[in-house]
$ cat query-v3.cif   # mmCIF, C-alpha atoms (C1' of nucleotides)
data_run
loop_
_atom_site.group_PDB
_atom_site.id
_atom_site.type_symbol
_atom_site.label_atom_id
_atom_site.label_comp_id
_atom_site.auth_asym_id
_atom_site.auth_seq_id
_atom_site.Cartn_x
_atom_site.Cartn_y
_atom_site.Cartn_z
ATOM 1 C CA MET O 1 117.769 -30.635 60.196
ATOM 2 C CA LYS O 2 119.769 -27.799 58.638
ATOM 3 C CA ILE O 3 122.960 -26.993 60.546
ATOM 4 C CA ALA O 4 125.500 -24.304 59.687
ATOM 5 C CA THR O 5 128.812 -22.985 61.009
ATOM 6 C CA TRP O 6 130.233 -19.476 60.675
ATOM 7 C CA ASN O 7 133.289 -17.805 62.159
ATOM 8 C CA VAL O 8 131.926 -14.252 62.292
ATOM 9 C CA ASN O 9 135.074 -12.477 63.579
ATOM 10 C CA SER O 10 133.123 -10.220 65.974
ATOM 11 C CA LEU O 11 129.388 -10.761 66.418
ATOM 12 C CA ARG O 12 128.984 -7.082 67.270
ATOM 13 C CA VAL O 13 130.148 -6.096 63.788
ATOM 14 C CA ARG O 14 128.524 -8.991 61.949
ATOM 15 C CA LEU O 15 125.135 -9.135 63.743
ATOM 16 C CA PRO O 16 123.210 -7.511 60.837
ATOM 17 C CA GLN O 17 124.720 -10.085 58.448
ATOM 18 C CA VAL O 18 123.849 -12.937 60.815
ATOM 19 C CA LEU O 19 120.242 -11.733 61.170
ATOM 20 C CA ASP O 20 119.899 -11.343 57.397
ATOM 21 C CA TRP O 21 121.384 -14.778 56.819
ATOM 22 C CA ILE O 22 119.137 -16.649 59.268
ATOM 23 C CA ALA O 23 116.072 -14.836 57.913
ATOM 24 C CA ALA O 24 116.980 -15.934 54.386
ATOM 25 C CA GLU O 25 118.203 -19.470 55.117
ATOM 26 C CA GLN O 26 116.110 -20.465 58.137
ATOM 27 C CA PRO O 27 118.625 -22.927 59.611
ATOM 28 C CA ASP O 28 117.635 -25.082 62.558
ATOM 29 C CA ILE O 29 121.050 -24.486 64.092
ATOM 30 C CA LEU O 30 123.795 -21.922 63.481
ATOM 31 C CA ALA O 31 127.124 -22.395 65.284
ATOM 32 C CA LEU O 32 129.194 -19.218 65.627
ATOM 33 C CA GLN O 33 132.864 -18.721 66.460
ATOM 34 C CA GLU O 34 134.940 -15.655 67.352
ATOM 35 C CA THR O 35 131.983 -13.776 68.775
ATOM 36 C CA LYS O 36 134.470 -11.639 70.782
ATOM 37 C CA LEU O 37 131.749 -10.685 73.250
ATOM 38 C CA GLU O 38 131.359 -11.039 76.982
ATOM 39 C CA ASP O 39 128.181 -12.953 77.858
ATOM 40 C CA LYS O 40 126.573 -9.860 79.387
ATOM 41 C CA ASN O 41 126.836 -8.151 75.988
ATOM 42 C CA PHE O 42 125.397 -11.000 73.896
ATOM 43 C CA PRO O 43 122.625 -9.658 71.608
ATOM 44 C CA VAL O 44 119.890 -11.872 73.083
ATOM 45 C CA ALA O 45 116.986 -9.555 72.220
ATOM 46 C CA GLU O 46 117.912 -9.271 68.525
ATOM 47 C CA ILE O 47 118.364 -13.040 68.211
ATOM 48 C CA GLU O 48 115.058 -13.752 69.943
ATOM 49 C CA ALA O 49 113.263 -11.189 67.791
ATOM 50 C CA ALA O 50 114.493 -13.198 64.798
ATOM 51 C CA GLY O 51 112.825 -16.316 66.223
ATOM 52 C CA TYR O 52 115.954 -17.992 67.582
ATOM 53 C CA GLN O 53 117.300 -18.982 70.956
ATOM 54 C CA ALA O 54 120.964 -18.651 71.858
ATOM 55 C CA ILE O 55 123.503 -20.247 74.121
ATOM 56 C CA TYR O 56 126.937 -18.684 74.367
ATOM 57 C CA SER O 57 130.291 -18.779 76.069
ATOM 58 C CA GLY O 58 132.234 -15.616 75.432
ATOM 59 C CA GLN O 59 135.034 -13.414 76.627
ATOM 60 C CA LYS O 60 136.288 -9.931 75.913
ATOM 61 C CA THR O 61 138.243 -9.235 72.690
ATOM 62 C CA TYR O 62 139.115 -12.824 71.723
ATOM 63 C CA ASN O 63 137.490 -16.185 70.999
ATOM 64 C CA GLY O 64 133.892 -16.817 72.065
ATOM 65 C CA VAL O 65 131.395 -19.365 70.699
ATOM 66 C CA ALA O 66 127.612 -19.546 70.479
ATOM 67 C CA ILE O 67 124.817 -21.673 69.065
ATOM 68 C CA LEU O 68 121.607 -20.169 67.691
ATOM 69 C CA SER O 69 118.680 -22.555 67.371
ATOM 70 C CA ARG O 70 114.963 -22.847 66.695
ATOM 71 C CA THR O 71 114.429 -25.164 69.665
ATOM 72 C CA ALA O 72 115.776 -25.161 73.198
ATOM 73 C CA ALA O 73 119.251 -26.436 74.021
ATOM 74 C CA GLN O 74 119.631 -29.153 76.624
ATOM 75 C CA ASP O 75 122.636 -30.403 78.618
ATOM 76 C CA ILE O 76 124.918 -27.468 77.807
ATOM 77 C CA VAL O 77 128.687 -27.901 78.174
ATOM 78 C CA THR O 78 131.209 -25.045 77.820
ATOM 79 C CA ASP O 79 134.453 -26.678 78.944
ATOM 80 C CA ILE O 80 136.316 -29.782 77.898
ATOM 81 C CA PRO O 81 136.474 -31.877 81.079
ATOM 82 C CA GLY O 82 140.004 -32.004 82.428
ATOM 83 C CA LEU O 83 141.217 -29.072 80.338
ATOM 84 C CA ASP O 84 141.834 -25.939 82.380
ATOM 85 C CA ASP O 85 141.417 -23.351 79.626
ATOM 86 C CA HIS O 86 140.207 -19.803 80.173
ATOM 87 C CA GLN O 87 139.858 -19.325 76.402
ATOM 88 C CA ARG O 88 136.205 -19.712 75.401
ATOM 89 C CA ARG O 89 136.417 -22.194 72.513
ATOM 90 C CA ILE O 90 133.708 -24.831 72.865
ATOM 91 C CA ILE O 91 129.982 -24.985 73.412
ATOM 92 C CA GLU O 92 127.937 -28.144 73.195
ATOM 93 C CA ALA O 93 124.268 -28.971 73.619
ATOM 94 C CA THR O 94 121.547 -31.421 72.625
ATOM 95 C CA TYR O 95 118.780 -30.400 70.230
ATOM 96 C CA GLY O 96 116.091 -33.060 69.895
ATOM 97 C CA ASP O 97 118.051 -36.274 69.327
ATOM 98 C CA ILE O 98 121.226 -34.609 68.002
ATOM 99 C CA ARG O 99 124.251 -33.650 70.081
ATOM 100 C CA VAL O 100 126.001 -30.574 68.645
ATOM 101 C CA LEU O 101 129.590 -29.710 69.586
ATOM 102 C CA ASN O 102 130.750 -26.314 68.310
ATOM 103 C CA VAL O 103 134.510 -25.689 68.405
ATOM 104 C CA TYR O 104 136.903 -22.828 67.743
ATOM 105 C CA VAL O 105 140.209 -24.668 67.489
ATOM 106 C CA PRO O 106 143.286 -22.539 68.352
ATOM 107 C CA ASN O 107 144.962 -20.967 65.317
ATOM 108 C CA GLY O 108 148.470 -22.071 66.284
ATOM 109 C CA GLU O 109 150.264 -18.976 64.953
ATOM 110 C CA ALA O 110 153.306 -20.765 63.527
ATOM 111 C CA VAL O 111 154.743 -24.274 63.579
ATOM 112 C CA GLY O 112 156.955 -24.671 66.646
ATOM 113 C CA SER O 113 155.508 -21.688 68.561
ATOM 114 C CA ASP O 114 153.994 -21.850 72.039
ATOM 115 C CA LYS O 115 150.567 -21.328 70.483
ATOM 116 C CA TYR O 116 151.188 -24.272 68.137
ATOM 117 C CA ALA O 117 151.959 -26.515 71.123
ATOM 118 C CA TYR O 118 148.778 -25.233 72.806
ATOM 119 C CA LYS O 119 146.815 -26.065 69.651
ATOM 120 C CA LEU O 120 148.093 -29.655 69.470
ATOM 121 C CA GLY O 121 147.497 -30.203 73.190
ATOM 122 C CA TRP O 122 144.016 -28.726 72.885
ATOM 123 C CA LEU O 123 143.202 -31.036 69.957
ATOM 124 C CA GLU O 124 144.390 -34.050 71.941
ATOM 125 C CA LYS O 125 142.028 -33.165 74.798
ATOM 126 C CA LEU O 126 139.205 -32.508 72.338
ATOM 127 C CA THR O 127 139.722 -35.885 70.690
ATOM 128 C CA ALA O 128 139.521 -37.734 74.006
ATOM 129 C CA TYR O 129 136.345 -35.820 74.849
ATOM 130 C CA VAL O 130 134.741 -36.460 71.444
ATOM 131 C CA LYS O 131 135.443 -40.167 71.858
ATOM 132 C CA GLU O 132 133.481 -40.096 75.130
ATOM 133 C CA GLN O 133 130.692 -38.042 73.618
ATOM 134 C CA LEU O 134 130.337 -40.401 70.655
ATOM 135 C CA ALA O 135 129.900 -43.325 73.012
ATOM 136 C CA ALA O 136 127.157 -41.440 74.868
ATOM 137 C CA HIS O 137 125.568 -39.771 71.813
ATOM 138 C CA PRO O 138 125.526 -41.836 68.595
ATOM 139 C CA ARG O 139 123.991 -38.875 66.748
ATOM 140 C CA LEU O 140 126.737 -36.277 67.092
ATOM 141 C CA VAL O 141 127.728 -33.304 64.929
ATOM 142 C CA LEU O 142 131.159 -31.765 65.538
ATOM 143 C CA LEU O 143 131.489 -28.480 63.671
ATOM 144 C CA GLY O 144 133.244 -25.163 63.673
ATOM 145 C CA ASP O 145 136.504 -23.469 62.798
ATOM 146 C CA PHE O 146 139.104 -26.248 63.022
ATOM 147 C CA ASN O 147 141.982 -24.100 61.760
ATOM 148 C CA ILE O 148 143.169 -27.163 59.813
ATOM 149 C CA ALA O 149 143.073 -27.740 56.060
ATOM 150 C CA PRO O 150 142.852 -31.549 56.038
ATOM 151 C CA GLU O 151 144.433 -32.222 52.628
ATOM 152 C CA PRO O 152 146.463 -30.465 49.926
ATOM 153 C CA ARG O 153 143.324 -30.081 47.790
ATOM 154 C CA ASP O 154 141.895 -27.907 50.581
ATOM 155 C CA VAL O 155 144.616 -25.296 49.997
ATOM 156 C CA HIS O 156 144.905 -22.795 47.121
ATOM 157 C CA ASP O 157 148.666 -23.307 46.839
ATOM 158 C CA PRO O 158 149.639 -26.568 48.567
ATOM 159 C CA GLN O 159 153.356 -26.083 47.949
ATOM 160 C CA LEU O 160 153.374 -22.582 49.427
ATOM 161 C CA TRP O 161 151.528 -23.832 52.516
ATOM 162 C CA GLU O 162 153.330 -27.156 52.906
ATOM 163 C CA ASN O 163 154.357 -27.637 56.555
ATOM 164 C CA SER O 164 152.930 -24.217 57.494
ATOM 165 C CA VAL O 165 150.489 -23.763 60.325
ATOM 166 C CA LEU O 166 146.956 -24.913 59.369
ATOM 167 C CA CYS O 167 148.531 -27.485 57.019
ATOM 168 C CA SER O 168 151.353 -29.149 58.954
ATOM 169 C CA GLY O 169 151.669 -32.906 59.386
ATOM 170 C CA PRO O 170 150.889 -32.967 63.122
ATOM 171 C CA GLU O 171 147.777 -30.811 62.635
ATOM 172 C CA ARG O 172 146.535 -33.022 59.807
ATOM 173 C CA ALA O 173 147.302 -36.107 61.902
ATOM 174 C CA ALA O 174 145.203 -34.608 64.718
ATOM 175 C CA PHE O 175 142.342 -34.068 62.262
ATOM 176 C CA ARG O 176 142.614 -37.692 61.109
ATOM 177 C CA GLN O 177 142.547 -38.813 64.755
ATOM 178 C CA LEU O 178 139.218 -37.037 65.097
ATOM 179 C CA THR O 179 137.677 -38.464 61.932
ATOM 180 C CA GLY O 180 139.155 -41.843 62.887
ATOM 181 C CA LEU O 181 136.829 -41.910 65.881
ATOM 182 C CA GLY O 182 134.016 -42.480 63.381
ATOM 183 C CA LEU O 183 133.235 -39.035 62.023
ATOM 184 C CA CYS O 184 132.848 -38.175 58.349
ATOM 185 C CA ASP O 185 133.733 -34.863 56.724
ATOM 186 C CA THR O 186 130.244 -34.175 55.369
ATOM 187 C CA PHE O 187 131.487 -31.750 52.692
ATOM 188 C CA ARG O 188 133.563 -34.487 51.078
ATOM 189 C CA LEU O 189 130.544 -36.793 50.875
ATOM 190 C CA PHE O 190 129.293 -34.576 48.049
ATOM 191 C CA ASN O 191 132.176 -32.607 46.599
ATOM 192 C CA GLN O 192 135.649 -33.851 45.593
ATOM 193 C CA GLU O 193 136.774 -30.673 43.839
ATOM 194 C CA GLU O 194 139.860 -28.614 44.555
ATOM 195 C CA SER O 195 139.633 -24.924 45.451
ATOM 196 C CA GLN O 196 136.615 -25.225 47.741
ATOM 197 C CA PHE O 197 137.455 -22.805 50.527
ATOM 198 C CA THR O 198 135.837 -21.389 53.671
ATOM 199 C CA TRP O 199 138.458 -18.784 54.679
ATOM 200 C CA TRP O 200 140.369 -16.143 52.747
ATOM 201 C CA ASP O 201 142.884 -13.719 54.285
ATOM 202 C CA TYR O 202 141.720 -10.104 54.336
ATOM 203 C CA ARG O 203 145.047 -9.125 52.789
ATOM 204 C CA MET O 204 146.260 -9.224 49.222
ATOM 205 C CA ALA O 205 142.735 -9.384 47.761
ATOM 206 C CA ALA O 206 142.780 -13.070 48.643
ATOM 207 C CA PHE O 207 139.027 -13.591 48.229
ATOM 208 C CA ARG O 208 138.889 -12.025 44.785
ATOM 209 C CA ARG O 209 141.822 -14.234 43.738
ATOM 210 C CA ASN O 210 140.327 -17.282 45.515
ATOM 211 C CA MET O 211 143.488 -17.713 47.593
ATOM 212 C CA GLY O 212 141.812 -19.573 50.443
ATOM 213 C CA LEU O 213 141.786 -22.626 52.664
ATOM 214 C CA ARG O 214 139.039 -25.032 53.703
ATOM 215 C CA ILE O 215 139.396 -24.920 57.491
ATOM 216 C CA ASP O 216 135.749 -24.808 58.651
ATOM 217 C CA HIS O 217 134.114 -28.207 58.814
ATOM 218 C CA ILE O 218 130.972 -30.124 59.706
ATOM 219 C CA LEU O 219 131.819 -33.634 60.875
ATOM 220 C CA ALA O 220 129.083 -36.185 61.554
ATOM 221 C CA SER O 221 128.963 -39.462 63.447
ATOM 222 C CA GLN O 222 128.459 -42.626 61.392
ATOM 223 C CA GLU O 223 124.756 -42.740 62.121
ATOM 224 C CA LEU O 224 124.258 -39.166 60.889
ATOM 225 C CA CYS O 225 126.738 -39.549 58.071
ATOM 226 C CA GLY O 226 124.361 -41.865 56.259
ATOM 227 C CA ALA O 227 121.541 -39.382 56.781
ATOM 228 C CA THR O 228 123.389 -36.372 55.336
ATOM 229 C CA THR O 229 121.507 -35.074 52.308
ATOM 230 C CA SER O 230 123.794 -32.124 51.464
ATOM 231 C CA CYS O 231 126.776 -30.102 52.583
ATOM 232 C CA GLN O 232 127.735 -26.873 50.864
ATOM 233 C CA ILE O 233 129.864 -23.788 51.319
ATOM 234 C CA ASP O 234 127.824 -20.570 51.109
ATOM 235 C CA LYS O 235 130.164 -17.857 49.849
ATOM 236 C CA THR O 236 127.556 -15.100 49.606
ATOM 237 C CA PRO O 237 128.281 -13.428 52.975
ATOM 238 C CA ARG O 238 131.983 -13.192 52.099
ATOM 239 C CA LYS O 239 131.029 -10.925 49.181
ATOM 240 C CA LEU O 240 129.252 -8.353 51.375
ATOM 241 C CA GLU O 241 130.664 -5.044 52.569
ATOM 242 C CA ARG O 242 132.726 -5.505 55.742
ATOM 243 C CA PRO O 243 132.632 -9.320 55.704
ATOM 244 C CA SER O 244 134.080 -11.847 58.094
ATOM 245 C CA ASP O 245 137.221 -13.459 56.696
ATOM 246 C CA HIS O 246 135.378 -16.825 56.930
ATOM 247 C CA THR O 247 132.210 -17.924 55.223
ATOM 248 C CA LEU O 248 129.575 -20.510 56.070
ATOM 249 C CA VAL O 249 129.326 -24.262 55.697
ATOM 250 C CA ILE O 250 125.794 -25.720 55.725
ATOM 251 C CA ALA O 251 124.830 -29.378 56.150
ATOM 252 C CA VAL O 252 121.380 -30.928 55.985
ATOM 253 C CA PHE O 253 120.571 -34.141 57.820
ATOM 254 C CA GLY O 254 117.465 -36.173 56.996
ATOM 255 C CA SER O 255 115.699 -38.606 59.278
ATOM 256 C CA THR O 256 117.133 -42.109 59.616
ATOM 257 C "C1'" DA J 1 157.363 -6.601 48.994
ATOM 258 C "C1'" DT J 2 159.133 -10.366 55.703
ATOM 259 C "C1'" DG J 3 154.396 -6.530 53.766
ATOM 260 C "C1'" DG J 4 149.486 -6.699 53.383
ATOM 261 C "C1'" DT J 5 143.901 -6.071 56.269
ATOM 262 C "C1'" DG J 6 140.620 -6.221 59.969
ATOM 263 C "C1'" DG J 7 138.830 -6.290 65.090
ATOM 264 C "C1'" DC J 8 139.464 -4.590 69.545
ATOM 265 C "C1'" DG J 9 140.253 -0.468 71.672
ATOM 266 C "C1'" DC J 10 143.510 3.250 71.807
ATOM 267 C "C1'" DG J 11 149.076 0.342 72.078
ATOM 268 C "C1'" DG J 12 149.792 -3.867 70.697
ATOM 269 C "C1'" DC J 13 147.955 -8.401 70.216
ATOM 270 C "C1'" DC J 14 145.697 -11.803 67.440
ATOM 271 C "C1'" DA J 15 144.232 -13.899 63.226
#
$ encode --input "query-v3.cif" --output "structure tokens"
Amino acid sequence: MKIATWNVNSLRVRLPQVLDWIAAEQPDILALQETKLEDKNFPVAEIEAAGYQAIYSGQKTYNGVAILSRTAAQDIVTDIPGLDDHQRRIIEATYGDIRVLNVYVPNGEAVGSDKYAYKLGWLEKLTAYVKEQLAAHPRLVLLGDFNIAPEPRDVHDPQLWENSVLCSGPERAAFRQLTGLGLCDTFRLFNQEESQFTWWDYRMAAFRRNMGLRIDHILASQELCGATTSCQIDKTPRKLERPSDHTLVIAVFGST
DNA sequence: ATGGTGGCGCGGCCA
């Protein structure tokens, strides 16, 4: 089972890149964030012509998540129970015997801002929900744009970013709360290097200078953790003309 | 350098 995540920063703009990528890589599942599309405008025909099915929860201008898949989605959820949130940030479904939860965690803007408080509250609700989901679904993948660089080695300049949004203590503590439920960071099962990033600011030629952060993640439940055969960052789409500011993470899970 | 770039949508917000 090959599962990938990609914050596309507008599916309307990035659709040709998405179609090219799935044709080349043939994933079983591709989780998308920041589709920025209302559901009535989702490019269903193009996705189906490529041999994929789609589920989606979108809104105009901001946010929006989707999952493309080879097989049909079952038991679809688009809201965290008990969280009254009009922002479209989660979509979850079962594919075969794997539960997939795709998240677009709030950015948080700046430490101490209203959006930062919203982010921490949102993560608390997510964590409680993931705990429930893990109990019900031992084979769970939680993936997406977490907007958190878990450790200093996930940041191009840890001192510059220290205590900034995406790197602050409370955000990293929230990430540890999630992994503490029994989820592994699949990328770190295989790669312990510094300077392995998934997002680079559009400004200041950040990609060319590799000034990035690792904020997109694929977390797996203990049962799947042992079945993970690879997890890699695919930087090729970030090199294209008119790229998203994020690139893909791809994990492969074998049978257990 | 308190900027810079990109998406949405056409002014200002968000990342």
$ resolve_selection --input "query-v3.cif" --expression "the PyMOL selection byres ((chain J) within 9 of (chain O))" --output "PyMOL selection string"
chain J and resi 4-8+14-15
$ resolve_selection --input "query-v3.cif" --expression "the PyMOL selection byres ((chain O and resi 55) around 8)" --output "PyMOL selection string"
chain O and resi 53-54+56-57+66-68+73
$ write_last_selection --input "query-v3.cif" --atoms "C-alpha atoms" --output "compact mmCIF listing (two decimals), keeping the file's coordinate frame"
# COMPACT_ATOMS: atom_id res chain seq x y z
CA GLN O 53 117.30 -18.98 70.96
CA ALA O 54 120.96 -18.65 71.86
CA TYR O 56 126.94 -18.68 74.37
CA SER O 57 130.29 -18.78 76.07
CA ALA O 66 127.61 -19.55 70.48
CA ILE O 67 124.82 -21.67 69.06
CA LEU O 68 121.61 -20.17 67.69
CA ALA O 73 119.25 -26.44 74.02
$ resolve_selection --input "query-v3.cif" --expression "the PyMOL selection byres ((chain O and resi 165) around 10)" --output "VMD selection string"
chain O and resid 107 to 113 116 147 to 149 161 to 164 166 to 171
$ closest_residue --input "query-v3.cif" --among "O:Asp216, O:Asp75, O:Asp39, O:Asp114" --to "Asp145 in chain O" --atoms "only C-alpha atoms"
O:Asp216
$ atom_distance --input "query-v3.cif" --atom1 "CA of Ala4 in chain O" --atom2 "CA of Ile29 in chain O"
6.3 Å
$ closest_residue --input "query-v3.cif" --among "O:Thr71, O:Gln59, O:Thr94, O:Asn41" --to "Pro27 in chain O" --atoms "only C-alpha atoms"
O:Thr71
$ residues_around --input "query-v3.cif" --residues "Asn210 in chain O" --least-positions-apart "5" --cutoff "12 Å" --atoms "only C-alpha atoms (C1' of nucleotides)" --output "MDAnalysis selection string"
chainID O and resid 154:157 194:205 235 238:239
$ atom_distance --input "query-v3.cif" --atom1 "CA of Leu178 in chain O" --atom2 "CA of Gly64 in chain O"
22.0 Å
$ axis_aligned_box --input "query-v3.cif" --around "chain J" --padding-each-side "6 Å" --output "JSON"
{"center_x": 149.0, "center_y": -5.3, "center_z": 60.5, "size_x": 32.3, "size_y": 29.1, "size_z": 35.1}
$ atom_distance --input "query-v3.cif" --atom1 "CA of Asn7 in chain O" --atom2 "CA of Arg88 in chain O"
13.7 Å
